[in-house]
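protein_17.txt (compact mmCIF, C-alpha atoms) appears below.
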# COMPACT_ATOMS: atom_id res chain seq x y z
CA MET A 1 -85.77 61.62 57.88
CA ILE A 2 -87.02 59.47 55.00
CA HIS A 3 -90.68 59.80 53.95
CA GLY A 4 -92.71 57.26 52.07
CA CYS A 5 -96.22 56.22 51.15
CA TYR A 6 -97.74 52.77 51.69
CA ALA A 7 -100.47 51.83 49.17
CA ASN A 8 -103.42 50.51 51.20
CA LYS A 9 -104.75 48.40 48.27
CA ASP A 10 -101.67 46.38 47.19
CA GLY A 11 -98.93 47.18 49.78
CA ASN A 12 -96.60 48.92 47.36
CA LEU A 13 -94.19 51.38 48.93
CA ARG A 14 -92.81 54.56 47.37
CA VAL A 15 -90.34 57.12 48.71
CA ILE A 16 -91.26 60.79 48.45
CA ASP A 17 -89.37 64.07 48.87
CA THR A 18 -91.59 66.23 51.05
CA GLY A 19 -89.13 69.14 50.69
CA SER A 20 -89.95 69.29 46.97
CA GLY A 21 -93.71 69.07 47.49
CA GLY A 22 -94.09 65.27 47.44
CA ALA A 23 -97.08 63.96 49.39
CA CYS A 24 -99.13 60.83 49.88
CA ASP A 25 -102.66 60.46 48.49
CA ALA A 26 -104.66 60.44 51.75
CA LYS A 27 -107.51 58.43 50.15
CA LYS A 28 -105.25 55.58 48.90
CA GLU A 29 -102.00 55.70 50.93
CA THR A 30 -100.72 55.70 54.50
CA PRO A 31 -97.71 58.00 55.20
CA LEU A 32 -94.59 56.40 56.73
CA ASN A 33 -91.43 57.98 58.20
CA TRP A 34 -88.05 56.28 58.84
CA ASN A 35 -85.21 57.14 61.23
CA GLN A 36 -87.49 57.62 64.13
CA LYS A 37 -85.83 56.48 67.33
CA GLY A 38 -87.46 53.42 68.81
CA PRO A 39 -87.19 51.94 72.28
CA THR A 40 -83.80 50.65 73.46
CA GLY A 41 -83.40 46.91 72.89
CA ALA A 42 -82.25 44.31 75.39
CA ARG A 43 -78.50 44.08 76.06
CA GLY A 44 -76.81 41.27 74.10
CA PRO A 45 -74.38 38.69 75.47
CA THR A 46 -70.78 39.67 76.16
CA GLY A 47 -68.51 38.91 73.20
CA PRO A 48 -65.12 37.19 73.27
CA THR A 49 -62.03 38.96 74.55
CA GLY A 50 -60.49 41.01 71.76
CA THR A 51 -56.98 41.40 73.13
CA SER A 52 -54.25 38.79 72.99
CA HIS A 53 -51.95 38.21 75.93
CA GLY A 54 -48.21 37.79 75.60
CA TYR A 55 -45.77 36.12 77.98
CA TYR A 56 -41.98 36.45 77.86
CA SER A 57 -38.95 35.16 79.73
CA TYR A 58 -35.24 35.76 79.21
CA GLY A 59 -32.46 34.12 81.21
CA GLY A 60 -29.76 36.53 80.05
CA LEU A 61 -26.53 36.02 78.18
CA LEU A 62 -24.62 35.13 81.34
CA SER A 63 -27.24 32.64 82.50
CA PHE A 64 -26.28 29.18 81.29
CA THR A 65 -27.21 25.58 82.03
CA VAL A 66 -24.66 22.78 81.79
CA LEU A 67 -25.95 19.94 79.61
CA GLY A 68 -25.33 16.24 80.12
CA GLY A 69 -26.98 12.99 79.08
CA THR A 70 -30.50 13.94 80.24
CA PHE A 71 -32.73 16.83 79.32
CA ALA A 72 -32.44 19.91 81.53
CA THR A 73 -34.79 22.89 81.66
CA VAL A 74 -33.00 25.89 80.16
CA GLY A 75 -35.97 28.27 79.92
CA SER A 76 -39.57 28.37 81.09
CA LEU A 77 -42.78 30.33 81.02
CA THR A 78 -44.65 29.63 84.27
CA GLY A 79 -48.05 30.62 85.62
CA LEU A 80 -49.73 30.47 82.22
CA PRO A 81 -53.54 30.25 82.28
CA ALA A 82 -55.32 27.46 80.40
CA GLY A 83 -55.53 28.19 76.69
CA THR A 84 -53.91 27.92 73.28
CA TYR A 85 -50.56 29.56 72.61
CA ILE A 86 -48.11 30.22 69.79
CA VAL A 87 -44.71 29.64 71.41
CA THR A 88 -41.20 30.54 70.27
CA ALA A 89 -37.93 29.80 72.04
CA ARG A 90 -34.44 30.78 70.97
CA GLY A 91 -31.01 30.48 72.47
CA LEU A 92 -27.46 29.26 72.01
CA VAL A 93 -25.84 25.87 72.51
CA GLU A 94 -22.16 25.95 73.32
CA ASP A 95 -19.71 23.06 73.39
CA LEU A 96 -16.28 24.61 73.24
CA PRO A 97 -13.76 21.71 73.35
CA ASN A 98 -15.72 18.62 72.36
CA ASP A 99 -17.75 19.42 69.21
CA GLN A 100 -20.71 17.26 70.19
CA GLU A 101 -24.43 17.21 69.43
CA ALA A 102 -27.13 18.81 71.50
CA GLU A 103 -30.89 18.49 71.26
CA CYS A 104 -33.42 21.11 72.38
CA LYS A 105 -37.21 20.87 72.60
CA LEU A 106 -40.35 22.67 73.74
CA VAL A 107 -42.31 20.79 76.40
CA THR A 108 -45.96 21.51 77.16
CA GLY A 109 -47.80 19.65 79.90
CA GLY A 110 -45.19 16.88 79.85
CA SER A 111 -45.38 16.36 76.08
CA ASP A 112 -42.81 17.35 73.46
CA ALA A 113 -44.22 20.05 71.19
CA GLN A 114 -41.20 20.51 68.87
CA GLU A 115 -37.52 19.64 68.95
CA THR A 116 -34.35 20.31 67.00
CA LEU A 117 -30.84 18.89 66.79
CA VAL A 118 -27.88 21.26 67.14
CA ASP A 119 -24.72 19.64 65.75
CA THR A 120 -21.69 21.78 66.58
CA PHE A 121 -19.32 19.17 65.19
CA ALA A 122 -20.91 19.11 61.72
CA VAL A 123 -20.86 22.89 61.39
CA GLY A 124 -17.46 23.39 62.97
CA SER A 125 -18.61 26.07 65.38
CA PRO A 126 -18.48 25.82 69.17
CA ARG A 127 -21.57 28.04 69.63
CA LEU A 128 -24.72 27.71 67.55
CA PRO A 129 -28.18 29.27 67.79
CA PHE A 130 -31.38 27.27 67.99
CA THR A 131 -34.98 28.32 67.40
CA LEU A 132 -38.10 26.37 68.31
CA SER A 133 -41.71 27.26 67.57
CA ALA A 134 -44.98 25.43 68.09
CA ALA A 135 -48.66 25.75 68.87
CA ALA A 136 -49.41 24.49 72.37
CA THR A 137 -52.60 24.02 74.37
CA LEU A 138 -52.75 23.95 78.16
CA SER A 139 -55.93 22.31 79.49
CA GLY A 140 -55.36 23.97 82.87
CA PRO A 141 -52.93 26.50 84.35
CA GLY A 142 -49.35 25.41 83.74
CA SER A 143 -46.01 26.08 82.13
CA ILE A 144 -44.11 25.64 78.89
CA GLU A 145 -40.41 24.76 79.07
CA THR A 146 -37.42 24.66 76.78
CA GLU A 147 -35.24 21.64 77.53
CA CYS A 148 -31.84 20.68 76.10
CA ASP A 149 -29.43 17.77 76.46
CA SER A 150 -26.09 16.81 74.97
CA ASN A 151 -24.10 13.68 74.30
CA ASP A 152 -21.11 15.46 75.86
CA GLY A 153 -20.04 13.39 78.83
CA GLY A 154 -17.39 15.88 79.95
CA GLY A 155 -19.81 18.57 81.16
CA PHE A 156 -18.57 21.19 78.71
CA ALA A 157 -21.81 21.66 76.74
CA SER A 158 -24.20 24.37 77.87
CA ALA A 159 -27.29 26.29 76.76
CA LEU A 160 -27.35 30.04 77.24
CA ASP A 161 -29.08 33.27 76.18
CA VAL A 162 -32.46 31.46 76.11
CA SER A 163 -35.60 33.55 75.59
CA MET A 164 -39.18 32.36 75.28
CA THR A 165 -42.33 34.06 74.04
CA ALA A 166 -45.91 32.77 74.18
CA VAL A 167 -48.92 34.58 72.74
CA ALA A 168 -52.39 33.44 73.78
CA VAL A 169 -54.70 32.96 70.78
CA ASP A 170 -58.35 31.99 70.37
CA ALA A 171 -57.55 29.28 67.81
CA VAL A 172 -54.80 27.94 65.55
CA ASN A 173 -55.88 27.53 61.92

Would you mind writing the structure in this file as structure tokens?
Amino acid sequence: MIHGCYANKDGNLRVIDTGSGGACDAKKETPLNWNQKGPTGARGPTGPTGTSHGYYSYGGLLSFTVLGGTFATVGSLTGLPAGTYIVTARGLVEDLPNDQEAECKLVTGGSDAQETLVDTFAVGSPRLPFTLSAAATLSGPGSIETECDSNDGGGFASALDVSMTAVAVDAVN
């Protein structure tokens, strides 16, 4: 408990230690005490959700999609609620005999969010990793897909080992 004295004449306030004999002058001051429990106030509005929500999909190493001249869905996160997400997709592009180019992209609500070119011929490797990341906003419930295509006309190119992660966030700064 904190004790004080309010000067009736000029409104000055002083703190006193009543345990050491301090007291107010009853003719000039009004005693005050702090830390007294008052009535309970009205309940405030509910605040924003404090937890983030994560979504994950993994097709598996043995799950592969043959790539041709048009984009094919190689991974997806479905049933996502409306909101803003930080999305990452990773996987492998394989083109064993032909050493061609492949292109992979993240698609949100029908729009390309980010894409990358995987050139197995330039690197000299038949299997190369790709990683995509982007911020994406869904105005309503929906999905986010990873799509890939290849200029390989022989049907040898494929995408495999694709995983996707989306974390719901309040905002992207």

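Relative to CA of Asp25 in chain A, CA of Tyr6 in chain A is found at 9.7 Å.
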
Exercise for the section: Please provide the set of residues having any atom within 10 Å of Thr70 in chain A, restricted to only C-alpha atoms, with same-chain residues fewer than 6 positions apart removed, written as a ChimeraX atom specification. Expected result: /A:147-151

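Distance check against Leu138 in chain A using all atoms listed in the file: of A:Gly83, A:Gly110, A:Gly91, A:Pro39, the minimum falls on A:Gly83.
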
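When all atoms listed in the file are used to compute distances to Ala72 in chain A, the closest of the residues A:Gln114, A:Ser158, A:Ala134, A:Ser143 turns out to be A:Ser158.
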
Atom pair CA of Ala23 in chain A + CA of Asn8 in chain A, distance 15.0 Å

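From CA of Tyr58 in chain A back to CA of Thr84 in chain A, the distance works out to 21.1 Å.
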
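Shortest separation to Thr73 in chain A among A:His3, A:Val107, A:Ala102, A:Asn12 occurs at residue A:Val107, atoms counted being all atoms listed in the file.
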
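In this comparison, which uses only C-alpha atoms, the residue of A:Val87, A:Leu128, A:Ala171, A:Cys104 approaching Phe71 in chain A most closely is A:Cys104.
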
_Can you pull out the residues contacting Leu160 in chain A? Cut-off 12 Å, using all atoms listed in the file, and skip same-chain residues under 6 positions away; I want them as a list in words._
Tyr58, Gly59, Gly60, Leu61, Leu62, Ser63, Phe64, Thr65, Val66, Leu67, Thr73, Val74, Gly75, Ala89, Arg90, Gly91, Leu92, Val93, Glu94, Asp95, Cys104, Arg127, Leu128, Pro129, Phe130, Thr146, Glu147 and Cys148 of chain A

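When only C-alpha atoms are used to compute distances to Tyr85 in chain A, the closest of the residues A:Pro31, A:Gly11, A:Gly54, A:Pro45 turns out to be A:Gly54.
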
Closest of A:Ala159, A:Ala42, A:Leu132, A:Met1 to Gly68 in chain A, counting only C-alpha atoms, is A:Ala159

Nearby residues (only C-alpha atoms) at most 9 Å from Thr137 in chain A, same-chain spacing under 2 positions excluded, as number ranges by chain = A: 82-86, 108-109, 135, 139-140

So that all listed atoms of range 80-85 of chain A fit with 3 Å spare on each side, what axis-aligned box centre and edge lengths in Å, to one decimal, would you give as lines of an AutoDock Vina configuration file?
center_x = -52.6
center_y = 29.0
center_z = 77.4
size_x = 11.8
size_y = 9.0
size_z = 15.7

Atoms added to range 1-19 of chain A (N, CA and C atoms), reported as a CSV table (one decimal), keeping the file's coordinate frame:
chain,number,residue,atom,x,y,z
A,1,MET,N,-84.5,62.3,57.8
A,1,MET,CA,-85.8,61.6,57.9
A,1,MET,C,-86.1,61.2,56.5
A,2,ILE,N,-86.6,60.0,56.3
A,2,ILE,CA,-87.0,59.5,55.0
A,2,ILE,C,-88.5,59.4,55.1
A,3,HIS,N,-89.2,59.8,54.0
A,3,HIS,CA,-90.7,59.8,54.0
A,3,HIS,C,-91.1,58.9,52.8
A,4,GLY,N,-92.2,58.2,53.1
A,4,GLY,CA,-92.7,57.3,52.1
A,4,GLY,C,-94.2,57.1,52.2
A,5,CYS,N,-94.8,56.4,51.2
A,5,CYS,CA,-96.2,56.2,51.2
A,5,CYS,C,-96.5,54.7,50.9
A,6,TYR,N,-97.4,54.2,51.8
A,6,TYR,CA,-97.7,52.8,51.7
A,6,TYR,C,-99.1,52.7,51.0
A,7,ALA,N,-99.2,52.0,49.9
A,7,ALA,CA,-100.5,51.8,49.2
A,7,ALA,C,-101.4,50.9,49.9
A,8,ASN,N,-102.5,51.3,50.4
A,8,ASN,CA,-103.4,50.5,51.2
A,8,ASN,C,-104.0,49.3,50.4
A,9,LYS,N,-104.1,49.4,49.1
A,9,LYS,CA,-104.8,48.4,48.3
A,9,LYS,C,-103.8,47.2,48.0
A,10,ASP,N,-102.6,47.5,47.6
A,10,ASP,CA,-101.7,46.4,47.2
A,10,ASP,C,-100.4,46.3,48.0
A,11,GLY,N,-100.1,47.2,48.9
A,11,GLY,CA,-98.9,47.2,49.8
A,11,GLY,C,-97.7,47.7,49.2
A,12,ASN,N,-97.8,48.3,48.0
A,12,ASN,CA,-96.6,48.9,47.4
A,12,ASN,C,-96.1,50.1,48.2
A,13,LEU,N,-94.8,50.3,48.2
A,13,LEU,CA,-94.2,51.4,48.9
A,13,LEU,C,-93.4,52.3,48.0
A,14,ARG,N,-93.6,53.6,48.2
A,14,ARG,CA,-92.8,54.6,47.4
A,14,ARG,C,-92.2,55.6,48.3
A,15,VAL,N,-91.0,56.1,47.9
A,15,VAL,CA,-90.3,57.1,48.7
A,15,VAL,C,-90.7,58.5,48.1
A,16,ILE,N,-90.9,59.5,48.9
A,16,ILE,CA,-91.3,60.8,48.4
A,16,ILE,C,-90.3,61.8,49.1
A,17,ASP,N,-90.2,63.0,48.4
A,17,ASP,CA,-89.4,64.1,48.9
A,17,ASP,C,-90.3,65.2,49.3
A,18,THR,N,-90.6,65.2,50.6
A,18,THR,CA,-91.6,66.2,51.0
A,18,THR,C,-91.1,67.7,50.9
A,19,GLY,N,-89.7,67.8,50.9
A,19,GLY,CA,-89.1,69.1,50.7
A,19,GLY,C,-89.4,69.7,49.3
